[in-house]
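To be precise, the following lines are query-v7.cif, and they hold mmCIF, C-alpha atoms and all ligand atoms.
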```cif
data_target
#
loop_
_atom_site.label_atom_id
_atom_site.label_comp_id
_atom_site.auth_asym_id
_atom_site.auth_seq_id
_atom_site.Cartn_x
_atom_site.Cartn_y
_atom_site.Cartn_z
CA MET A 1 -1.37 18.62 11.68
CA ALA A 2 -1.96 22.35 12.12
CA THR A 3 0.77 24.53 10.69
CA GLU A 4 -0.42 27.92 11.85
CA ARG A 5 1.35 29.92 14.53
CA ASN A 6 0.56 29.27 18.16
CA GLY A 7 -1.12 31.89 20.35
CA ALA A 8 0.15 33.23 23.64
CA ASP A 9 -1.09 30.09 25.36
CA GLY A 10 1.05 27.97 23.04
CA MET A 11 -1.96 26.46 21.29
CA SER A 12 -2.96 26.88 17.65
CA ALA A 13 -6.34 28.41 16.81
CA VAL A 14 -7.32 25.19 15.04
CA ARG A 15 -6.66 23.06 18.06
CA ARG A 16 -8.42 25.54 20.31
CA ALA A 17 -11.45 25.39 18.00
CA TRP A 18 -11.50 21.59 18.18
CA LEU A 19 -11.35 21.76 21.95
CA ARG A 20 -14.15 24.29 22.03
CA GLU A 21 -16.26 21.96 19.88
CA LEU A 22 -15.49 19.11 22.22
CA GLY A 23 -16.65 21.29 25.10
CA VAL A 24 -13.40 20.71 26.95
CA GLU A 25 -11.66 24.03 26.44
CA ARG A 26 -12.33 24.98 30.04
CA LEU A 27 -10.42 21.95 31.29
CA TRP A 28 -7.26 23.64 30.11
CA ASN A 29 -8.25 26.97 31.71
CA LEU A 30 -7.67 28.80 28.45
CA PRO A 31 -7.94 32.58 28.52
CA GLY A 32 -11.41 33.57 27.36
CA ALA A 33 -12.87 30.14 28.09
CA ALA A 34 -15.88 29.51 30.31
CA ALA A 35 -15.43 29.28 34.07
CA PRO A 36 -12.47 27.02 34.80
CA ALA A 37 -13.18 23.63 36.22
CA ALA A 38 -10.60 21.49 37.92
CA ALA A 39 -9.53 18.70 35.58
CA PRO A 40 -9.53 15.40 37.41
CA GLU A 41 -6.03 14.15 38.10
CA LEU A 42 -5.05 11.01 36.27
CA ALA A 43 -3.03 8.73 38.42
CA PRO A 44 -0.45 6.49 36.77
CA ALA A 45 -1.50 2.95 36.05
CA ALA A 46 -0.71 0.46 38.76
CA GLU A 47 -0.55 -3.07 37.40
CA VAL A 48 -2.66 -5.65 39.16
CA PRO A 49 -1.08 -9.07 38.81
CA VAL A 50 -3.20 -11.46 36.81
CA ALA A 51 -3.16 -15.22 37.01
CA PRO A 52 -1.39 -16.68 33.96
CA PRO A 53 -3.98 -17.13 31.22
CA GLN A 54 -5.20 -20.59 30.37
CA SER A 55 -4.90 -20.66 26.64
CA PRO A 56 -6.93 -19.32 24.92
CA VAL A 57 -8.40 -16.70 27.27
CA ARG A 58 -9.34 -13.09 27.34
CA GLU A 59 -8.99 -11.09 30.48
CA SER A 60 -10.50 -7.85 31.46
CA VAL A 61 -8.36 -6.29 34.15
CA ALA A 62 -9.09 -2.93 35.67
CA THR A 63 -5.79 -1.50 36.80
CA VAL A 64 -6.09 2.24 37.06
CA PRO A 65 -7.69 4.35 39.75
CA ALA A 66 -10.95 5.81 38.50
CA VAL A 67 -10.89 9.17 36.74
CA GLU A 68 -14.24 10.23 38.08
CA PRO A 69 -13.94 11.95 41.45
CA GLU A 70 -16.70 9.90 43.04
CA ARG A 71 -14.72 6.71 42.46
CA ALA A 72 -11.74 7.40 44.67
CA GLU A 73 -10.69 3.82 45.32
CA PRO A 74 -8.68 1.87 42.75
CA VAL A 75 -10.86 -0.81 41.23
CA ALA A 76 -9.54 -4.26 40.49
CA LEU A 77 -11.61 -6.56 38.36
CA VAL A 78 -10.34 -9.73 36.84
CA GLN A 79 -12.37 -11.90 34.52
CA GLU A 80 -11.26 -14.84 32.50
CA ILE A 81 -13.36 -15.34 29.44
CA PRO A 82 -13.13 -17.85 26.61
CA MET A 83 -11.81 -16.11 23.52
CA GLN A 84 -13.43 -16.25 20.09
CA GLU A 85 -11.59 -18.88 18.15
CA LEU A 86 -8.74 -17.50 16.10
CA PRO A 87 -8.13 -19.18 12.78
CA ALA A 88 -5.40 -21.78 12.79
CA PRO A 89 -2.03 -20.03 12.35
CA ALA A 90 -1.36 -22.18 9.30
CA ALA A 91 -4.25 -20.42 7.55
CA MET A 92 -2.53 -17.05 7.82
CA PRO A 93 0.56 -16.11 5.80
CA ALA A 94 3.60 -15.65 8.03
CA ASP A 95 4.50 -12.35 6.41
CA PRO A 96 2.48 -9.61 8.21
CA GLU A 97 1.82 -7.62 5.04
CA GLN A 98 0.57 -10.70 3.23
CA ALA A 99 -1.50 -11.68 6.26
CA TRP A 100 -3.03 -8.18 6.31
CA ALA A 101 -3.85 -8.33 2.59
CA ALA A 102 -5.30 -11.82 2.98
CA LEU A 103 -7.48 -10.63 5.85
CA GLN A 104 -8.72 -7.67 3.77
CA ASP A 105 -9.67 -10.07 0.96
CA GLU A 106 -11.43 -12.41 3.35
CA VAL A 107 -13.46 -9.61 4.91
CA ARG A 108 -14.33 -8.16 1.50
CA ASP A 109 -15.72 -11.51 0.33
CA CYS A 110 -17.27 -12.61 3.62
CA VAL A 111 -20.69 -14.27 3.49
CA ALA A 112 -20.55 -15.76 6.99
CA CYS A 113 -23.80 -14.18 8.13
CA GLY A 114 -26.96 -12.63 6.71
CA LEU A 115 -25.59 -9.08 6.89
CA CYS A 116 -23.78 -9.69 3.60
CA LYS A 117 -27.14 -9.65 1.80
CA GLY A 118 -27.94 -6.05 2.65
CA ARG A 119 -24.53 -4.45 2.41
CA THR A 120 -23.17 -2.21 -0.32
CA GLN A 121 -19.68 -3.26 0.74
CA THR A 122 -17.79 -4.38 3.81
CA VAL A 123 -16.01 -1.83 5.98
CA PHE A 124 -12.63 -3.25 6.91
CA GLY A 125 -11.23 -0.20 8.69
CA THR A 126 -9.05 2.77 7.94
CA GLY A 127 -5.65 4.14 8.90
CA SER A 128 -2.21 2.74 9.22
CA PRO A 129 -1.90 -0.92 10.24
CA LYS A 130 1.32 0.22 11.93
CA ALA A 131 -0.52 2.70 14.16
CA ARG A 132 0.00 2.39 17.90
CA TRP A 133 -3.64 3.07 18.70
CA LEU A 134 -6.58 1.01 17.53
CA LEU A 135 -10.03 2.57 17.82
CA VAL A 136 -12.96 0.17 17.79
CA GLY A 137 -16.57 1.12 17.09
CA GLU A 138 -19.72 -0.92 16.64
CA ALA A 139 -20.71 -1.36 13.01
CA PRO A 140 -20.98 0.67 9.80
CA GLY A 141 -23.96 2.96 9.39
CA GLU A 142 -25.53 4.11 6.14
CA GLN A 143 -22.71 6.46 5.11
CA GLU A 144 -20.00 3.98 6.09
CA ASP A 145 -21.72 1.26 4.05
CA LYS A 146 -21.82 3.60 1.04
CA GLN A 147 -18.26 4.87 1.35
CA GLY A 148 -16.57 1.72 2.63
CA ALA A 149 -14.84 3.49 5.54
CA PRO A 150 -15.66 3.66 9.25
CA PHE A 151 -16.95 6.76 11.01
CA VAL A 152 -17.52 8.98 8.01
CA GLY A 153 -20.89 10.37 9.11
CA ARG A 154 -21.60 12.99 11.77
CA SER A 155 -20.18 10.87 14.57
CA GLY A 156 -17.04 10.41 12.48
CA LYS A 157 -16.60 14.17 12.25
CA LEU A 158 -16.78 14.38 16.02
CA LEU A 159 -14.29 11.53 16.29
CA ASP A 160 -11.93 13.49 14.02
CA SER A 161 -12.37 16.49 16.33
CA MET A 162 -11.55 14.36 19.34
CA LEU A 163 -8.37 13.16 17.66
CA ALA A 164 -7.50 16.69 16.59
CA SER A 165 -7.88 17.84 20.20
CA ILE A 166 -4.90 15.66 21.02
CA ALA A 167 -3.13 16.76 17.81
CA ARG A 168 -3.69 13.46 16.03
CA SER A 169 -5.49 12.39 12.86
CA ARG A 170 -7.15 9.26 11.55
CA GLN A 171 -4.90 9.30 8.48
CA HIS A 172 -1.62 9.14 10.34
CA ASP A 173 -1.94 8.13 13.93
CA VAL A 174 -4.61 5.49 14.50
CA PHE A 175 -6.34 2.57 12.89
CA ILE A 176 -10.13 2.64 13.13
CA ALA A 177 -12.19 -0.53 12.88
CA ASN A 178 -15.58 -1.82 13.93
CA VAL A 179 -16.58 -5.04 15.65
CA ILE A 180 -18.95 -5.73 12.76
CA LYS A 181 -17.82 -5.18 9.18
CA CYS A 182 -21.23 -4.95 7.47
CA ARG A 183 -24.07 -2.56 8.13
CA PRO A 184 -26.91 -4.04 10.18
CA PRO A 185 -30.26 -3.17 8.57
CA GLY A 186 -31.70 0.06 9.93
CA ASN A 187 -28.62 0.37 12.16
CA ARG A 188 -30.07 -2.14 14.61
CA ASP A 189 -27.81 -3.70 17.23
CA PRO A 190 -25.83 -6.58 15.76
CA LEU A 191 -27.15 -10.02 16.76
CA PRO A 192 -25.05 -12.43 18.85
CA GLU A 193 -24.68 -14.75 15.85
CA GLU A 194 -23.36 -11.87 13.72
CA VAL A 195 -20.91 -10.90 16.45
CA ALA A 196 -19.73 -14.50 16.75
CA ARG A 197 -19.10 -14.69 13.00
CA CYS A 198 -17.49 -11.29 12.62
CA SER A 199 -15.45 -10.66 15.76
CA PRO A 200 -12.67 -13.13 14.81
CA TYR A 201 -11.80 -10.66 12.02
CA LEU A 202 -11.33 -7.95 14.62
CA MET A 203 -9.20 -10.30 16.71
CA ARG A 204 -6.98 -10.92 13.69
CA GLN A 205 -6.77 -7.19 13.04
CA ILE A 206 -5.70 -6.69 16.65
CA SER A 207 -3.06 -9.38 16.49
CA LEU A 208 -1.63 -8.02 13.20
CA ILE A 209 -1.71 -4.35 14.19
CA ASN A 210 -0.35 -5.28 17.60
CA PRO A 211 -1.45 -1.90 19.03
CA GLU A 212 -0.08 -0.34 22.17
CA MET A 213 -3.57 0.60 23.22
CA ILE A 214 -7.15 -0.03 22.15
CA LEU A 215 -9.71 2.72 22.62
CA VAL A 216 -13.18 1.21 22.55
CA LEU A 217 -16.01 3.52 21.54
CA GLY A 218 -19.42 2.83 23.01
CA ARG A 219 -21.29 0.27 25.03
CA PHE A 220 -21.69 -2.34 22.32
CA ALA A 221 -18.02 -2.52 21.34
CA ALA A 222 -16.91 -2.38 24.98
CA GLN A 223 -19.24 -5.16 26.09
CA THR A 224 -18.31 -7.28 23.08
CA LEU A 225 -14.57 -6.84 23.34
CA LEU A 226 -14.44 -7.28 27.10
CA GLU A 227 -17.21 -9.90 27.10
CA THR A 228 -19.13 -8.29 29.89
CA ASP A 229 -22.63 -6.98 30.58
CA ALA A 230 -21.23 -4.17 32.72
CA ARG A 231 -22.54 -0.69 32.02
CA ILE A 232 -20.29 1.63 30.10
CA GLY A 233 -20.18 4.05 33.05
CA SER A 234 -18.51 1.38 35.13
CA LEU A 235 -16.12 0.34 32.34
CA ARG A 236 -14.80 3.87 31.81
CA GLY A 237 -11.96 5.27 33.90
CA LYS A 238 -10.03 2.02 34.07
CA VAL A 239 -7.44 0.30 31.97
CA HIS A 240 -8.64 -3.15 30.99
CA SER A 241 -6.47 -5.77 29.40
CA LEU A 242 -7.24 -7.93 26.42
CA SER A 243 -5.08 -10.94 25.81
CA VAL A 244 -4.75 -11.48 22.07
CA ALA A 245 -2.47 -14.13 20.65
CA GLY A 246 -0.58 -14.30 23.92
CA ARG A 247 -0.06 -10.57 24.34
CA LYS A 248 -1.88 -8.32 26.79
CA VAL A 249 -3.18 -5.17 25.15
CA PRO A 250 -4.43 -2.31 27.35
CA VAL A 251 -8.00 -1.27 26.62
CA VAL A 252 -9.62 2.06 27.48
CA VAL A 253 -13.38 2.49 27.14
CA SER A 254 -15.09 5.72 26.13
CA TYR A 255 -18.45 6.86 24.91
CA HIS A 256 -19.53 6.41 21.31
CA PRO A 257 -19.34 9.70 19.36
CA ALA A 258 -23.00 9.29 18.34
CA TYR A 259 -23.92 9.28 22.03
CA LEU A 260 -21.77 12.37 22.58
CA LEU A 261 -23.67 14.12 19.79
CA ARG A 262 -26.90 13.38 21.64
CA SER A 263 -25.44 14.17 25.08
CA PRO A 264 -22.86 16.93 24.61
CA ALA A 265 -22.47 17.36 28.38
CA GLU A 266 -20.69 13.98 28.40
CA LYS A 267 -17.90 15.26 26.14
CA VAL A 268 -15.94 16.24 29.21
CA LYS A 269 -15.85 12.57 30.22
CA ALA A 270 -14.71 11.61 26.72
CA TRP A 271 -11.90 14.13 27.14
CA GLN A 272 -10.93 12.44 30.41
CA ASP A 273 -10.96 9.10 28.59
CA LEU A 274 -8.58 10.47 25.95
CA GLN A 275 -6.26 11.64 28.72
CA LEU A 276 -6.36 8.20 30.29
CA ALA A 277 -5.60 6.64 26.90
CA LEU A 278 -2.66 9.01 26.43
CA SER A 279 -1.35 8.01 29.85
CA VAL A 280 -1.26 4.39 28.59
CA GLY A 281 0.42 4.95 25.23
CA ARG A 282 0.93 7.70 22.66
CA PRO A 283 -0.76 7.33 19.30
CA GLY A 284 1.29 7.58 16.12
CA ASN A 285 3.26 5.31 13.87
N1 LIG B 1 -20.73 3.99 14.29
C1 LIG B 1 -19.82 3.02 14.49
O1 LIG B 1 -19.78 2.41 15.54
N2 LIG B 1 -18.97 2.75 13.49
C2 LIG B 1 -18.98 3.40 12.35
O2 LIG B 1 -18.16 3.11 11.50
C3 LIG B 1 -19.92 4.42 12.17
C4 LIG B 1 -20.80 4.71 13.15
#
```
Please, can you express the file's structure as structure tokens?
Amino acid sequence: MATERNGADGMSAVRRAWLRELGVERLWNLPGAAAPAAAPELAPAAEVPVAPPQSPVRESVATVPAVEPERAEPVALVQEIPMQELPAPAAMPADPEQAWAALQDEVRDCVACGLCKGRTQTVFGTGSPKARWLLVGEAPGEQEDKQGAPFVGRSGKLLDSMLASIARSRQHDVFIANVIKCRPPGNRDPLPEEVARCSPYLMRQISLINPEMILVLGRFAAQTLLETDARIGSLRGKVHSLSVAGRKVPVVVSYHPAYLLRSPAEKVKAWQDLQLALSVGRPGN
């Protein structure tokens, strides 16, 4: 967290620099920033009642009026989708810390699909398992495979900037994981079989972390987690709901940082997504 003194606008120079890098400084109408643009209003979430889940199910429920101005009407979307099988509860230690350690060991030694052959190491995730926010990306890339941590390359630096723009850090305030724990060769899209083998680990991470909110980064993770073919543009701006181990966890979808690096004009939308996520639950421990 920045320790330097705040400027006249109440914001530290570090935070202002992060916001400038994100391209969202103007949304706060900071003195000296580019022409001010009206930040879209975020309306509070209005719960849409969902039929009681038939166990086991996952639901994707859009409950919040769209952030983007062109989508003025609240959108309600309810899907019931069979959930990836969770391991039998008996297989997991009852103590959460032991269960977390056991899961780490299982992931480290996993040979459930062919990706294990090409990996340097698995990438379990990073941050505090007690964090209130869980961030979910796609799969490790080259750097992540080498270092054993998610989002450590260029897109990870942007992700750190995004967190800093809301005065949060990966070390203290969030847990970051991927759908897939091993690097796909050449960074290709993971195959359905690999997703089927690996996503139960993510489901167990979710049920152990028990986050207040999941922020999903990118099309692949969003479509996998919500089990939909919908385009990311239509998944953004809503609060979905994922039912994991009997609890409904709100899910907000945003763009993948690698996409934002290629399309910096979209950073404003990522900023809106962060605001929506903050309206659902504060990160932290
Ligand atoms: N992209 C991802 O989706 N995850 C990572 O860990 C790194 C890049």
Mind running range 145-218 of chain A against range 100-122 of chain A at 6 Å and telling me each contacting residue's nearest atom pair with the distance in Å (one decimal), counting only C-alpha atoms, chain and number ascending, as JSON lines?
```
{"residue": "A:Asp145", "atom": "CA", "partner": "A:Thr120", "partner_atom": "CA", "distance": 5.8}
{"residue": "A:Lys181", "atom": "CA", "partner": "A:Thr122", "partner_atom": "CA", "distance": 5.4}
{"residue": "A:Cys182", "atom": "CA", "partner": "A:Thr122", "partner_atom": "CA", "distance": 5.1}
```
Would you tabulate, counting all atoms listed in the file, all residues of chain A that have an atom at most 10 Å from an atom of ligand LIG 1 (chain B), showing the closest pair of atoms and their distance in Å to one decimal, sorted by chain then ascending number, as JSON lines?
```
{"residue": "A:Val123", "atom": "CA", "partner": "B:LIG1", "partner_atom": "O2", "distance": 7.7}
{"residue": "A:Phe124", "atom": "CA", "partner": "B:LIG1", "partner_atom": "O2", "distance": 9.6}
{"residue": "A:Gly125", "atom": "CA", "partner": "B:LIG1", "partner_atom": "O2", "distance": 8.2}
{"residue": "A:Thr126", "atom": "CA", "partner": "B:LIG1", "partner_atom": "O2", "distance": 9.8}
{"residue": "A:Leu135", "atom": "CA", "partner": "B:LIG1", "partner_atom": "N2", "distance": 9.9}
{"residue": "A:Val136", "atom": "CA", "partner": "B:LIG1", "partner_atom": "O1", "distance": 7.5}
{"residue": "A:Gly137", "atom": "CA", "partner": "B:LIG1", "partner_atom": "O1", "distance": 3.8}
{"residue": "A:Glu138", "atom": "CA", "partner": "B:LIG1", "partner_atom": "O1", "distance": 3.5}
{"residue": "A:Ala139", "atom": "CA", "partner": "B:LIG1", "partner_atom": "N2", "distance": 4.5}
{"residue": "A:Pro140", "atom": "CA", "partner": "B:LIG1", "partner_atom": "O2", "distance": 4.1}
{"residue": "A:Gly141", "atom": "CA", "partner": "B:LIG1", "partner_atom": "C3", "distance": 5.1}
{"residue": "A:Glu142", "atom": "CA", "partner": "B:LIG1", "partner_atom": "C3", "distance": 8.2}
{"residue": "A:Gln143", "atom": "CA", "partner": "B:LIG1", "partner_atom": "C3", "distance": 7.9}
{"residue": "A:Glu144", "atom": "CA", "partner": "B:LIG1", "partner_atom": "O2", "distance": 5.8}
{"residue": "A:Asp145", "atom": "CA", "partner": "B:LIG1", "partner_atom": "O2", "distance": 8.5}
{"residue": "A:Gly148", "atom": "CA", "partner": "B:LIG1", "partner_atom": "O2", "distance": 9.1}
{"residue": "A:Ala149", "atom": "CA", "partner": "B:LIG1", "partner_atom": "O2", "distance": 6.8}
{"residue": "A:Pro150", "atom": "CA", "partner": "B:LIG1", "partner_atom": "O2", "distance": 3.4}
{"residue": "A:Phe151", "atom": "CA", "partner": "B:LIG1", "partner_atom": "O2", "distance": 3.9}
{"residue": "A:Val152", "atom": "CA", "partner": "B:LIG1", "partner_atom": "C3", "distance": 6.6}
{"residue": "A:Gly153", "atom": "CA", "partner": "B:LIG1", "partner_atom": "C3", "distance": 6.8}
{"residue": "A:Arg154", "atom": "CA", "partner": "B:LIG1", "partner_atom": "C4", "distance": 8.4}
{"residue": "A:Ser155", "atom": "CA", "partner": "B:LIG1", "partner_atom": "C4", "distance": 6.4}
{"residue": "A:Gly156", "atom": "CA", "partner": "B:LIG1", "partner_atom": "C3", "distance": 6.7}
{"residue": "A:Leu159", "atom": "CA", "partner": "B:LIG1", "partner_atom": "C4", "distance": 9.9}
{"residue": "A:Ile176", "atom": "CA", "partner": "B:LIG1", "partner_atom": "O2", "distance": 8.2}
{"residue": "A:Ala177", "atom": "CA", "partner": "B:LIG1", "partner_atom": "O2", "distance": 7.1}
{"residue": "A:Asn178", "atom": "CA", "partner": "B:LIG1", "partner_atom": "N2", "distance": 5.7}
{"residue": "A:Val179", "atom": "CA", "partner": "B:LIG1", "partner_atom": "O1", "distance": 8.1}
{"residue": "A:Ile180", "atom": "CA", "partner": "B:LIG1", "partner_atom": "N2", "distance": 8.5}
{"residue": "A:Lys181", "atom": "CA", "partner": "B:LIG1", "partner_atom": "O2", "distance": 8.6}
{"residue": "A:Cys182", "atom": "CA", "partner": "B:LIG1", "partner_atom": "O2", "distance": 9.5}
{"residue": "A:Arg183", "atom": "CA", "partner": "B:LIG1", "partner_atom": "O2", "distance": 8.9}
{"residue": "A:Asn187", "atom": "CA", "partner": "B:LIG1", "partner_atom": "N1", "distance": 8.9}
{"residue": "A:Val216", "atom": "CA", "partner": "B:LIG1", "partner_atom": "O1", "distance": 9.7}
{"residue": "A:Leu217", "atom": "CA", "partner": "B:LIG1", "partner_atom": "O1", "distance": 7.2}
{"residue": "A:Gly218", "atom": "CA", "partner": "B:LIG1", "partner_atom": "O1", "distance": 7.5}
{"residue": "A:Arg219", "atom": "CA", "partner": "B:LIG1", "partner_atom": "O1", "distance": 9.8}
{"residue": "A:Phe220", "atom": "CA", "partner": "B:LIG1", "partner_atom": "O1", "distance": 8.5}
{"residue": "A:Ala221", "atom": "CA", "partner": "B:LIG1", "partner_atom": "O1", "distance": 7.8}
{"residue": "A:His256", "atom": "CA", "partner": "B:LIG1", "partner_atom": "O1", "distance": 7.0}
{"residue": "A:Pro257", "atom": "CA", "partner": "B:LIG1", "partner_atom": "N1", "distance": 7.8}
{"residue": "A:Ala258", "atom": "CA", "partner": "B:LIG1", "partner_atom": "N1", "distance": 7.0}
{"residue": "A:Tyr259", "atom": "CA", "partner": "B:LIG1", "partner_atom": "N1", "distance": 9.9}
```
Would you save the residues from that selection as a JSON list (two decimals), in the frame of the given file, using C-alpha atoms?
```json
[["chain", "number", "residue", "atom", "x", "y", "z"],
["A", 123, "VAL", "CA", -16.01, -1.83, 5.98],
["A", 124, "PHE", "CA", -12.63, -3.25, 6.91],
["A", 125, "GLY", "CA", -11.23, -0.20, 8.69],
["A", 126, "THR", "CA", -9.05, 2.77, 7.94],
["A", 135, "LEU", "CA", -10.03, 2.57, 17.82],
["A", 136, "VAL", "CA", -12.96, 0.17, 17.79],
["A", 137, "GLY", "CA", -16.57, 1.12, 17.09],
["A", 138, "GLU", "CA", -19.72, -0.92, 16.64],
["A", 139, "ALA", "CA", -20.71, -1.36, 13.01],
["A", 140, "PRO", "CA", -20.98, 0.67, 9.80],
["A", 141, "GLY", "CA", -23.96, 2.96, 9.39],
["A", 142, "GLU", "CA", -25.53, 4.11, 6.14],
["A", 143, "GLN", "CA", -22.71, 6.46, 5.11],
["A", 144, "GLU", "CA", -20.00, 3.98, 6.09],
["A", 145, "ASP", "CA", -21.72, 1.26, 4.05],
["A", 148, "GLY", "CA", -16.57, 1.72, 2.63],
["A", 149, "ALA", "CA", -14.84, 3.49, 5.54],
["A", 150, "PRO", "CA", -15.66, 3.66, 9.25],
["A", 151, "PHE", "CA", -16.95, 6.76, 11.01],
["A", 152, "VAL", "CA", -17.52, 8.98, 8.01],
["A", 153, "GLY", "CA", -20.89, 10.37, 9.11],
["A", 154, "ARG", "CA", -21.60, 12.99, 11.77],
["A", 155, "SER", "CA", -20.18, 10.87, 14.57],
["A", 156, "GLY", "CA", -17.04, 10.41, 12.48],
["A", 159, "LEU", "CA", -14.29, 11.53, 16.29],
["A", 176, "ILE", "CA", -10.13, 2.64, 13.13],
["A", 177, "ALA", "CA", -12.19, -0.53, 12.88],
["A", 178, "ASN", "CA", -15.58, -1.82, 13.93],
["A", 179, "VAL", "CA", -16.58, -5.04, 15.65],
["A", 180, "ILE", "CA", -18.95, -5.73, 12.76],
["A", 181, "LYS", "CA", -17.82, -5.18, 9.18],
["A", 182, "CYS", "CA", -21.23, -4.95, 7.47],
["A", 183, "ARG", "CA", -24.07, -2.56, 8.13],
["A", 187, "ASN", "CA", -28.62, 0.37, 12.16],
["A", 216, "VAL", "CA", -13.18, 1.21, 22.55],
["A", 217, "LEU", "CA", -16.01, 3.52, 21.54],
["A", 218, "GLY", "CA", -19.42, 2.83, 23.01],
["A", 219, "ARG", "CA", -21.29, 0.27, 25.03],
["A", 220, "PHE", "CA", -21.69, -2.34, 22.32],
["A", 221, "ALA", "CA", -18.02, -2.52, 21.34],
["A", 256, "HIS", "CA", -19.53, 6.41, 21.31],
["A", 257, "PRO", "CA", -19.34, 9.70, 19.36],
["A", 258, "ALA", "CA", -23.00, 9.29, 18.34],
["A", 259, "TYR", "CA", -23.92, 9.28, 22.03]]
```
Would you mind telling me which residue in A:Lys238, A:Lys146, A:Arg197, A:Arg204 lies nearest to Pro129 in chain A when using only C-alpha atoms?
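Once distances to Pro129 in chain A are computed over only C-alpha atoms, the minimum belongs to A:Arg204.
The interatomic distance for the pair CA of Phe175 in chain A and CA of Arg132 in chain A works out to 8.1 Å.
If all atoms listed in the file are the atoms counted, then among A:Asp173, A:Glu194, A:Glu212, A:Asp160 the closest residue to Val249 in chain A is A:Glu212.
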Go through A:Ala167, A:Ile214, A:Ala265, A:Val244 and flag the residue nearest Val280 in chain A, using all atoms listed in the file for the distances.
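Comparing A:Ala167, A:Ile214, A:Ala265, A:Val244 against Val280 in chain A, the winner is A:Ile214.
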Would you mind listing what lies within 9 Å of Gly284 in chain A as a ChimeraX atom specification, with only C-alpha atoms counted and same-chain residues fewer than 3 positions away left out?
/A:130-133,168-169,172-174
Could you check how far CA of Leu225 in chain A sits from CA of Ser199 in chain A, in Å to one decimal?
8.5 Å
Using only C-alpha atoms, can you tell me which of A:Ser161, A:Gln147, A:Gln98, A:Ser207 comes closest to Arg247 in chain A?
A:Ser207
For a test of reading the model, state the distance in Å between CA of Lys269 in chain A and CA of Leu226 in chain A, rounded to one decimal.
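Distance reported for this atom pair: 20.1 Å.
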Residue with the minimum atom-to-atom distance to Leu202 in chain A, picked from A:Ile232, A:Leu134, A:Leu274, A:Leu260 with all atoms listed in the file counted, is A:Leu134
